[in-house]
Each structure stands twice: as C-alpha cells, then as structure tokens.
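To be precise, the following lines are coords-v3.cif, and they hold mmCIF, C-alpha atoms.
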```
data_run
loop_
_atom_site.label_atom_id
_atom_site.label_comp_id
_atom_site.auth_asym_id
_atom_site.auth_seq_id
_atom_site.Cartn_x
_atom_site.Cartn_y
_atom_site.Cartn_z
CA MET A 1 -1.75 6.64 -24.01
CA LYS A 2 -1.72 9.81 -21.90
CA PHE A 3 -0.44 9.27 -18.37
CA THR A 4 0.66 11.01 -15.19
CA LYS A 5 3.62 9.83 -13.12
CA MET A 6 2.93 10.36 -9.40
CA GLN A 7 4.54 9.28 -6.15
CA GLY A 8 3.74 9.08 -2.47
CA LEU A 9 6.96 8.88 -0.44
CA GLY A 10 8.74 7.45 -3.48
CA ASN A 11 6.13 4.71 -3.99
CA ASP A 12 5.57 5.64 -7.64
CA TYR A 13 2.86 4.63 -10.11
CA VAL A 14 1.72 5.48 -13.60
CA TYR A 15 -1.82 6.92 -13.49
CA VAL A 16 -4.28 6.90 -16.37
CA ASN A 17 -7.56 8.81 -16.46
CA CYS A 18 -9.95 6.12 -17.68
CA LEU A 19 -12.82 8.56 -17.74
CA GLU A 20 -11.12 9.68 -20.98
CA GLU A 21 -8.67 6.89 -21.92
CA THR A 22 -9.19 3.16 -22.56
CA VAL A 23 -6.48 0.71 -21.52
CA ARG A 24 -7.23 -2.51 -23.40
CA ASN A 25 -4.63 -4.81 -21.83
CA PRO A 26 -3.96 -3.44 -18.34
CA GLN A 27 -1.88 -6.41 -17.16
CA GLU A 28 0.51 -6.15 -20.12
CA THR A 29 0.48 -2.37 -19.95
CA ALA A 30 1.43 -2.47 -16.27
CA VAL A 31 4.47 -4.63 -17.00
CA PHE A 32 5.53 -2.41 -19.91
CA VAL A 33 5.18 0.99 -18.25
CA SER A 34 6.71 -0.19 -14.96
CA ASP A 35 10.00 -1.19 -16.57
CA ARG A 36 12.57 1.36 -15.44
CA HIS A 37 14.75 0.90 -18.53
CA PHE A 38 12.35 0.39 -21.43
CA GLY A 39 9.14 1.87 -20.03
CA ILE A 40 8.26 4.83 -17.82
CA GLY A 41 9.46 3.29 -14.57
CA SER A 42 7.11 2.65 -11.66
CA ASP A 43 5.90 0.26 -8.99
CA GLY A 44 2.80 -0.39 -11.09
CA LEU A 45 -0.17 1.02 -12.98
CA ILE A 46 -3.25 2.69 -11.47
CA LEU A 47 -6.36 3.36 -13.52
CA ILE A 48 -8.83 6.02 -12.35
CA GLY A 49 -12.40 5.34 -13.44
CA PRO A 50 -16.04 6.02 -12.64
CA SER A 51 -17.85 4.19 -9.84
CA ASP A 52 -21.48 3.39 -9.07
CA GLN A 53 -20.64 3.18 -5.37
CA ALA A 54 -18.18 6.01 -4.78
CA ASP A 55 -16.89 9.20 -6.37
CA PHE A 56 -14.19 7.32 -8.30
CA GLU A 57 -12.71 3.84 -8.69
CA MET A 58 -9.04 2.93 -8.35
CA ILE A 59 -7.96 -0.12 -10.36
CA MET A 60 -4.43 -1.15 -9.49
CA TYR A 61 -1.85 -3.45 -11.08
CA ASN A 62 1.58 -4.34 -9.71
CA ALA A 63 4.77 -4.10 -11.73
CA ASP A 64 4.47 -7.79 -12.66
CA GLY A 65 0.94 -7.29 -14.03
CA SER A 66 -0.87 -8.90 -11.11
CA ARG A 67 -3.96 -7.16 -9.72
CA SER A 68 -3.76 -5.66 -6.24
CA GLU A 69 -6.57 -4.77 -3.89
CA MET A 70 -5.30 -1.51 -2.39
CA CYS A 71 -2.36 0.85 -2.06
CA GLY A 72 -2.28 3.56 0.57
CA ASN A 73 0.29 5.71 -1.21
CA GLY A 74 -1.45 5.10 -4.51
CA ILE A 75 -4.89 6.14 -3.30
CA ARG A 76 -3.52 9.42 -1.93
CA CYS A 77 -2.22 10.20 -5.41
CA VAL A 78 -5.63 9.31 -6.87
CA ALA A 79 -7.16 11.95 -4.61
CA LYS A 80 -4.60 14.53 -5.69
CA TYR A 81 -5.11 13.65 -9.36
CA VAL A 82 -8.88 14.04 -9.39
CA TYR A 83 -8.74 17.31 -7.45
CA ASP A 84 -5.84 18.89 -9.33
CA HIS A 85 -7.34 17.89 -12.69
CA ARG A 86 -10.69 19.41 -11.68
CA LEU A 87 -12.55 16.10 -11.84
CA THR A 88 -14.00 17.11 -8.48
CA ASP A 89 -14.09 20.23 -6.35
CA LYS A 90 -14.74 18.31 -3.13
CA THR A 91 -12.10 18.05 -0.43
CA GLN A 92 -13.72 14.92 0.99
CA ILE A 93 -14.10 12.09 -1.52
CA SER A 94 -14.72 8.36 -1.65
CA VAL A 95 -12.78 5.88 -3.80
CA GLU A 96 -13.84 2.34 -4.64
CA THR A 97 -11.09 -0.30 -4.49
CA LEU A 98 -10.94 -4.09 -4.42
CA GLY A 99 -10.19 -3.63 -0.72
CA GLY A 100 -13.43 -1.70 -0.14
CA ILE A 101 -14.52 1.92 -0.37
CA LYS A 102 -12.06 4.35 1.21
CA HIS A 103 -12.84 7.89 2.37
CA LEU A 104 -10.25 10.63 1.96
CA GLN A 105 -9.85 14.15 3.28
CA LEU A 106 -7.71 16.54 1.23
CA THR A 107 -5.61 19.45 2.46
CA VAL A 108 -5.42 22.03 -0.34
CA GLU A 109 -2.83 24.77 -0.83
CA ASN A 110 -2.84 27.21 -3.76
CA GLY A 111 -5.47 25.16 -5.55
CA LYS A 112 -3.56 21.87 -5.30
CA ALA A 113 -4.02 18.90 -2.98
CA VAL A 114 -0.81 18.46 -0.98
CA GLN A 115 -1.69 16.26 1.99
CA ILE A 116 -4.32 13.53 2.22
CA ARG A 117 -5.77 11.76 5.25
CA VAL A 118 -7.26 8.38 4.39
CA ASN A 119 -9.76 6.39 6.41
CA MET A 120 -8.24 2.98 5.70
CA GLY A 121 -11.07 1.09 7.39
CA SER A 122 -10.80 -1.64 10.01
CA PRO A 123 -7.77 -3.91 10.24
CA GLN A 124 -8.75 -7.50 9.50
CA LEU A 125 -7.19 -9.91 11.99
CA ASP A 126 -9.16 -13.06 11.15
CA ALA A 127 -6.51 -15.47 9.87
CA GLN A 128 -8.85 -17.00 7.29
CA LYS A 129 -9.66 -13.59 5.85
CA VAL A 130 -6.10 -12.21 5.71
CA PRO A 131 -5.66 -15.00 4.43
CA VAL A 132 -3.12 -17.14 6.31
CA ARG A 133 -3.03 -20.94 6.20
CA TYR A 134 -1.04 -21.58 9.35
CA ASP A 135 0.18 -24.93 10.68
CA MET A 136 -2.40 -24.85 13.47
CA PRO A 137 -5.96 -23.45 13.40
CA LEU A 138 -5.52 -20.10 15.15
CA PRO A 139 -8.19 -17.36 14.90
CA GLN A 140 -5.48 -14.68 14.70
CA ILE A 141 -1.78 -14.77 13.86
CA ILE A 142 -0.12 -12.48 16.40
CA ASN A 143 3.57 -12.98 17.26
CA GLN A 144 3.61 -16.50 15.83
CA PRO A 145 6.71 -18.28 14.47
CA ILE A 146 7.53 -18.58 10.78
CA THR A 147 10.63 -19.97 9.08
CA ALA A 148 11.82 -18.33 5.87
CA ASP A 149 15.06 -19.15 4.06
CA GLY A 150 16.03 -21.33 7.03
CA ILE A 151 15.76 -18.49 9.54
CA ASN A 152 13.18 -18.32 12.33
CA TYR A 153 11.09 -15.14 12.67
CA ARG A 154 7.91 -14.13 14.49
CA MET A 155 5.07 -12.61 12.52
CA THR A 156 1.80 -10.77 12.99
CA CYS A 157 -0.61 -11.03 10.05
CA ILE A 158 -3.14 -8.35 9.17
CA SER A 159 -5.18 -7.39 6.13
CA MET A 160 -5.67 -3.72 5.31
CA GLY A 161 -7.60 -4.63 2.18
CA ASN A 162 -4.54 -6.64 1.11
CA PRO A 163 -2.52 -9.21 3.09
CA HIS A 164 0.43 -8.20 5.29
CA CYS A 165 2.95 -10.08 7.37
CA VAL A 166 4.71 -7.86 9.94
CA VAL A 167 8.05 -8.96 11.36
CA PHE A 168 9.77 -7.02 14.17
CA ALA A 169 13.56 -6.89 14.10
CA ASP A 170 16.42 -5.25 15.99
CA ASP A 171 17.91 -4.07 12.69
CA VAL A 172 16.21 -3.50 9.36
CA ASP A 173 18.95 -1.56 7.52
CA GLY A 174 21.15 -4.62 7.19
CA LEU A 175 18.48 -7.01 5.90
CA ASP A 176 18.97 -8.52 2.44
CA LEU A 177 15.39 -8.04 1.28
CA GLU A 178 16.15 -9.23 -2.26
CA LYS A 179 16.85 -12.63 -0.71
CA ILE A 180 14.43 -12.65 2.22
CA GLY A 181 11.43 -10.92 0.64
CA PRO A 182 10.56 -13.56 -1.96
CA CYS A 183 10.72 -16.29 0.71
CA PHE A 184 7.91 -14.56 2.60
CA GLU A 185 5.95 -13.56 -0.51
CA GLN A 186 5.87 -17.14 -1.84
CA HIS A 187 5.59 -18.89 1.54
CA THR A 188 3.03 -21.69 1.69
CA TYR A 189 1.28 -19.92 4.57
CA PHE A 190 0.02 -17.25 2.16
CA PRO A 191 -2.29 -18.53 -0.61
CA ASN A 192 -2.59 -15.04 -2.17
CA ARG A 193 1.08 -14.20 -1.56
CA VAL A 194 1.82 -11.46 0.96
CA ASN A 195 3.40 -8.06 1.54
CA THR A 196 6.03 -8.25 4.26
CA GLU A 197 7.01 -5.41 6.59
CA PHE A 198 10.28 -5.56 8.53
CA VAL A 199 9.95 -3.18 11.47
CA LYS A 200 12.28 -1.74 14.11
CA VAL A 201 10.65 0.01 17.07
CA LEU A 202 12.50 3.27 17.80
CA ASP A 203 10.18 4.35 20.61
CA GLU A 204 6.50 3.96 21.50
CA HIS A 205 5.55 6.65 18.98
CA THR A 206 8.03 5.90 16.18
CA ILE A 207 8.90 2.87 14.06
CA GLN A 208 11.24 2.29 11.14
CA MET A 209 10.07 0.05 8.31
CA ARG A 210 11.25 -1.58 5.10
CA VAL A 211 8.77 -3.39 2.92
CA TRP A 212 8.75 -6.15 0.33
CA GLU A 213 5.59 -5.82 -1.79
CA ARG A 214 4.20 -8.84 -3.62
CA GLY A 215 4.56 -8.35 -7.33
CA SER A 216 6.83 -5.30 -7.04
CA GLY A 217 9.72 -6.18 -4.70
CA GLU A 218 11.15 -3.69 -2.25
CA THR A 219 9.54 -0.27 -2.54
CA LEU A 220 10.36 3.03 -0.89
CA ALA A 221 7.03 3.10 0.93
CA CYS A 222 3.79 1.16 1.40
CA GLY A 223 0.75 2.86 2.91
CA THR A 224 -1.25 -0.24 3.74
CA GLY A 225 1.96 -1.81 5.06
CA ALA A 226 2.58 1.17 7.33
CA CYS A 227 -0.96 0.76 8.68
CA ALA A 228 -0.42 -2.96 9.25
CA ALA A 229 2.92 -2.29 10.97
CA ALA A 230 1.34 0.29 13.28
CA VAL A 231 -1.52 -2.04 14.19
CA ALA A 232 0.93 -4.89 14.79
CA GLY A 233 3.00 -2.68 17.07
CA ILE A 234 -0.06 -1.89 19.16
CA LEU A 235 -1.23 -5.52 19.27
CA ASN A 236 2.21 -6.61 20.48
CA GLY A 237 2.34 -3.90 23.16
CA LEU A 238 5.26 -2.11 21.50
CA THR A 239 3.73 1.23 20.47
CA GLN A 240 0.95 3.69 21.25
CA ASP A 241 -2.19 4.22 19.14
CA THR A 242 -0.60 7.00 17.03
CA VAL A 243 2.81 6.41 15.46
CA THR A 244 5.12 7.91 12.90
CA VAL A 245 6.27 5.27 10.42
CA LYS A 246 9.68 6.09 8.96
CA LEU A 247 10.06 4.57 5.49
CA LEU A 248 12.84 4.83 2.93
CA GLY A 249 10.77 7.43 1.07
CA GLY A 250 9.67 9.50 4.06
CA ASP A 251 7.26 9.49 6.99
CA LEU A 252 3.61 8.56 7.38
CA LYS A 253 1.38 9.30 10.35
CA ILE A 254 -0.79 6.32 11.31
CA GLU A 255 -3.57 6.40 13.91
CA TRP A 256 -5.67 3.44 15.09
CA ASP A 257 -8.93 4.59 16.67
CA ARG A 258 -9.56 1.39 18.57
CA GLN A 259 -12.97 2.45 19.85
CA ALA A 260 -14.23 2.91 16.28
CA ASP A 261 -11.80 0.24 14.98
CA LEU A 262 -10.64 2.51 12.16
CA VAL A 263 -7.12 3.18 10.92
CA TYR A 264 -6.18 6.60 9.53
CA MET A 265 -3.16 7.33 7.36
CA THR A 266 -1.88 10.85 6.63
CA GLY A 267 0.81 11.66 4.09
CA PRO A 268 1.78 13.59 0.97
CA ALA A 269 1.09 13.01 -2.72
CA VAL A 270 3.22 14.46 -5.52
CA THR A 271 2.86 14.79 -9.30
CA VAL A 272 6.19 14.05 -10.99
CA TYR A 273 5.30 14.71 -14.63
CA GLU A 274 2.71 14.11 -17.33
CA GLY A 275 3.31 12.59 -20.73
CA GLU A 276 2.18 10.36 -23.56
CA ILE A 277 3.57 6.97 -24.48
CA GLU A 278 3.12 4.65 -27.45
CA LEU A 279 2.19 1.17 -26.26
CA PRO A 280 3.61 -1.90 -28.03
#
```
Conversion result in structure tokens:
Amino acid sequence: MKFTKMQGLGNDYVYVNCLEETVRNPQETAVFVSDRHFGIGSDGLILIGPSDQADFEMIMYNADGSRSEMCGNGIRCVAKYVYDHRLTDKTQISVETLGGIKHLQLTVENGKAVQIRVNMGSPQLDAQKVPVRYDMPLPQIINQPITADGINYRMTCISMGNPHCVVFADDVDGLDLEKIGPCFEQHTYFPNRVNTEFVKVLDEHTIQMRVWERGSGETLACGTGACAAAVAGILNGLTQDTVTVKLLGGDLKIEWDRQADLVYMTGPAVTVYEGEIELP
C-alpha cells in the first residue's frame, strides 16, 4: 500500500489516495499502521476518495480502528495532499466528511499548499445532538458539573462534527491525562464517547490546551477540539471571538463569526514522507 505520512501541529496521520489505492480492511489497517513500534506510527488513518457531494471525501479512522467523523488537523492535510499531488488546481475546495461538508481555502507558496483556513461550520450546542446524556434534561451543557475519577470538574459540551467536552483549569501542564482522559472518554454521559479538552485561559485572546482524543489518547493537537475550546471560552465569557489556541504541537487561530454562526480554523499542514508498506 502506498501512503503519505502527514502532520498538522504534530497531529499525524497516514494518508492513502483511494482514487488509486484500495484499502480492503480499513479498521485493521488503521490499527496496524498507527502502531509506533511495528507500523508507521500515527494518530490514525485517513483515506482520500471521490465524492458525489464535494471535491473529495475524507474517511477517517482512529488509532484503535474506530471511525471518526472529523479531524481539523487531518482535513488541512487532505487539502495539502490533493493540491500538492495535482489532484486539483483549485485553492478553494470542499471535502465531504461524516461531520458534514467542509470548505477550505489554501495559501500556496512555491507551488505547495502551506496554510489552510477551514470553514468548520456551526458549533452544535444541542445536548441531544452532541450527544450528552446528562443527569437532568438541559438543552445545552454549559459550565455544568461532572465527576471523573472521583474529582469534580465543570464542563461545556459542543459538537464540531464530533463530540467535545471542554474543561477549564488553572493548570493543564500538571494534569495526568493518561489517568484522567479515559475517565472522560468512557463516562456514561457520552454514548458515543468524547474528546476532552483541558484548557487554561492565558488572556482574552489566548488559551492553552491539552487534549485527550477518543480512540487515540493524548495527541499533540486537535483542530475540532481547538474550535470547541474557543467556542466554550466565548460562551463562558472568558475569551473574545478570535483566539490563538496554544497546543503541544503549535498554535491554531480560531475565529467564531457569531453573526453567521460559523467557526474558522487556520493552521499549517506538513508532508513528512511518502512510502510503501506491506500489510499483514
């Protein structure tokens, strides 16, 4: 199988051009290639295919083989892949995902896409659609209590095409995410599991974030999570409508146009290497 290893702020995936390649067992393939000792090493597998509704389709699997709706860092790399590999000459493209069709604007330098701005769509706050099954029937889950591993937190729940639980904290560097993360991911409140963002507000234009992604564990960055964290900061009166999200892998610029109810994410995409691997 021919593949390309790509990363957005260290959130790395194995990409396969399924306009030319066929991946017969994507769930098993995702687990195999994601292994950082016996495989290629990645946060998951992303297949790029044709679409009847958009320019391309992004089909995404987590490192544990589970299917995921969307990935903000991943979709930026999809845009770079299709442009750099001359699958399109357009600098504005659309990509079909399980989380809806996303529209992307590419910044090109020396014939390569280097920066991508993504229209991530509207944040979904309806608790039933995130989904969240809370103790009481609330239309939205904003700054509500949750207990995980015996510790009380407050959460704001948002879907950006996939479910997110945002928790604000005074310190995120010292958190033991290997212990805390699974408690949120598997919590009974979240029937589809959940991505959890632990966020420290540095100022009204800047936040620091660590993320535990369902099916992958802690990652260096999460685009949809950064969007959810920015929206949560605004909803809780902690930040302005445009923020810089500082992740372990680098920075993302997130804007929430509240009049249009659209979230925009801007960040880099990088090709690491290309290769070929024999599947078991």
**Request:** Go ahead and compute the interatomic distance for atom CA of Val31 of chain A and atom CA of Asn11 of chain A, in Å to one decimal.
**Result:**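 About the pair atom CA of Val31 of chain A and atom CA of Asn11 of chain A: they are 16.1 Å apart.
Each of A:Asp251, A:Gln208, A:Arg86, A:Lys5 was checked against Ala169 of chain A using only C-alpha atoms; the smallest atom-to-atom distance is that of A:Gln208.
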**Request:** Tell me which of A:Ile141, A:Glu204, A:Asp176, A:Asn73 sits closest to Ala226 of chain A, counting only C-alpha atoms.
**Result:** A:Asn73
**Message:** Could you check the closest approach to Leu106 of chain A for each of A:Gly74, A:Pro26, A:Pro268, A:Gly8 and tell me which residue wins, using all atoms listed in the file?
**Reply:**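 For Leu106 of chain A, the nearest of the given residues is A:Pro268.
If only C-alpha atoms are the atoms counted, then among A:Ala148, A:Leu247, A:Leu138, A:Leu220 the closest residue to Val199 of chain A is A:Leu247.
Minimum distance to Val167 of chain A across A:His37, A:Lys179, A:Lys200, A:Lys129 (counting all atoms listed in the file) occurs at A:Lys200.
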**Asked** Which residue, A:Gly181, A:Gly237, A:Gly99, A:Gly44, has the smallest gap to Gly217 of chain A when you use only C-alpha atoms?
**Response**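 Ranking A:Gly181, A:Gly237, A:Gly99, A:Gly44 by distance to Gly217 of chain A, first place goes to A:Gly181.
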**Residue members of the PyMOL selection byres ((chain A and resi 55-70) around 7) in the file shown, as a PyMOL selection string** = chain A and resi 27-28+30-31+34+43-51+54+71-72+93-99+161-162+215-216
**Request:** Find the residues around Asp170 of chain A up to 12 Å (all atoms listed in the file counted), leave out those fewer than 4 positions away in its own chain, and share them as a ChimeraX atom specification.
**Result:** /A:153,174-175,198-202,207-209
Exercise: segment 264-267 of chain A partners within 10 Å, all atoms listed in the file, chain neighbours under 6 positions left out, as an mmCIF file with C-alpha atoms, keeping the file's coordinate frame:
```
data_model
loop_
_atom_site.group_PDB
_atom_site.id
_atom_site.type_symbol
_atom_site.label_atom_id
_atom_site.label_comp_id
_atom_site.auth_asym_id
_atom_site.auth_seq_id
_atom_site.Cartn_x
_atom_site.Cartn_y
_atom_site.Cartn_z
ATOM 1 C CA GLY A 8 3.740 9.080 -2.470
ATOM 2 C CA LEU A 9 6.960 8.880 -0.440
ATOM 3 C CA GLY A 72 -2.280 3.560 0.570
ATOM 4 C CA ASN A 73 0.290 5.710 -1.210
ATOM 5 C CA ARG A 76 -3.520 9.420 -1.930
ATOM 6 C CA HIS A 103 -12.840 7.890 2.370
ATOM 7 C CA LEU A 104 -10.250 10.630 1.960
ATOM 8 C CA GLN A 105 -9.850 14.150 3.280
ATOM 9 C CA LEU A 106 -7.710 16.540 1.230
ATOM 10 C CA VAL A 114 -0.810 18.460 -0.980
ATOM 11 C CA GLN A 115 -1.690 16.260 1.990
ATOM 12 C CA ILE A 116 -4.320 13.530 2.220
ATOM 13 C CA ARG A 117 -5.770 11.760 5.250
ATOM 14 C CA VAL A 118 -7.260 8.380 4.390
ATOM 15 C CA ASN A 119 -9.760 6.390 6.410
ATOM 16 C CA MET A 120 -8.240 2.980 5.700
ATOM 17 C CA GLY A 121 -11.070 1.090 7.390
ATOM 18 C CA SER A 122 -10.800 -1.640 10.010
ATOM 19 C CA GLY A 223 0.750 2.860 2.910
ATOM 20 C CA THR A 224 -1.250 -0.240 3.740
ATOM 21 C CA ALA A 226 2.580 1.170 7.330
ATOM 22 C CA CYS A 227 -0.960 0.760 8.680
ATOM 23 C CA THR A 242 -0.600 7.000 17.030
ATOM 24 C CA THR A 244 5.120 7.910 12.900
ATOM 25 C CA GLY A 250 9.670 9.500 4.060
ATOM 26 C CA ASP A 251 7.260 9.490 6.990
ATOM 27 C CA LEU A 252 3.610 8.560 7.380
ATOM 28 C CA LYS A 253 1.380 9.300 10.350
ATOM 29 C CA ILE A 254 -0.790 6.320 11.310
ATOM 30 C CA GLU A 255 -3.570 6.400 13.910
ATOM 31 C CA TRP A 256 -5.670 3.440 15.090
ATOM 32 C CA ASP A 257 -8.930 4.590 16.670
#
```
**Request:** Using all atoms listed in the file, determine which residues lie at most 9 Å from Cys77 of chain A, disregarding the query and same-chain residues fewer than 6 positions distant; provide the list as a count of residues only.
**Result:** 10
**Request:** For atom CA of Thr4 of chain A and atom CA of Glu20 of chain A, quote the distance in Å rounded to one decimal.
**Result:**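 These two atoms are separated by 13.2 Å.
Atom CA of Thr196 of chain A is found 21.4 Å from atom CA of Leu262 of chain A.
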**Asked** Within 8 Å of (1.8, -10.6, 7.5), in the coordinates the file gives, what residues turn up when you count all atoms listed in the file, written out as a list of chain:residue names?
**Response**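 Protein and nucleic acid residues near the point are A:Met155, A:Thr156, A:Cys157, A:Ile158, A:Ser159, A:Pro163, A:His164, A:Cys165, A:Val166, A:Val167, A:Val194, A:Asn195, A:Thr196, A:Glu197.
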**Message:** Starting from the PyMOL selection byres ((chain A and resi 205) around 6), expand the selection into actual residues of this file and give them as a list in words.
**Reply:**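 Applying the expression gives Asp203, Glu204, Thr206, Thr239, Gln240 and Val243 of chain A.
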File of the preceding selection, C-alpha atoms, as a PDB file, in the frame of the given file:
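Written out: out_8.pdb:
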```
ATOM      1  CA  ASP A 203      10.180   4.350  20.610  1.00  0.00           C
ATOM      2  CA  GLU A 204       6.500   3.960  21.500  1.00  0.00           C
ATOM      3  CA  THR A 206       8.030   5.900  16.180  1.00  0.00           C
ATOM      4  CA  THR A 239       3.730   1.230  20.470  1.00  0.00           C
ATOM      5  CA  GLN A 240       0.950   3.690  21.250  1.00  0.00           C
ATOM      6  CA  VAL A 243       2.810   6.410  15.460  1.00  0.00           C
TER       7      VAL A 243
END
```
**Residue neighbourhood Pro139 of chain A, 12 Å, all atoms listed in the file, exclusion window fewer than 2 positions, as a PyMOL selection string** = chain A and resi 124-134+136-137+141-142+144+157-158
Segment 237-250 of chain A, all listed atoms, 6 Å padding on each side: what axis-aligned box centre and edge lengths in Å to one decimal come out, as AutoDock Vina command-line options?
```
--center_x 5.3 --center_y 2.8 --center_z 12.1 --size_x 27.0 --size_y 25.4 --size_z 34.1
```
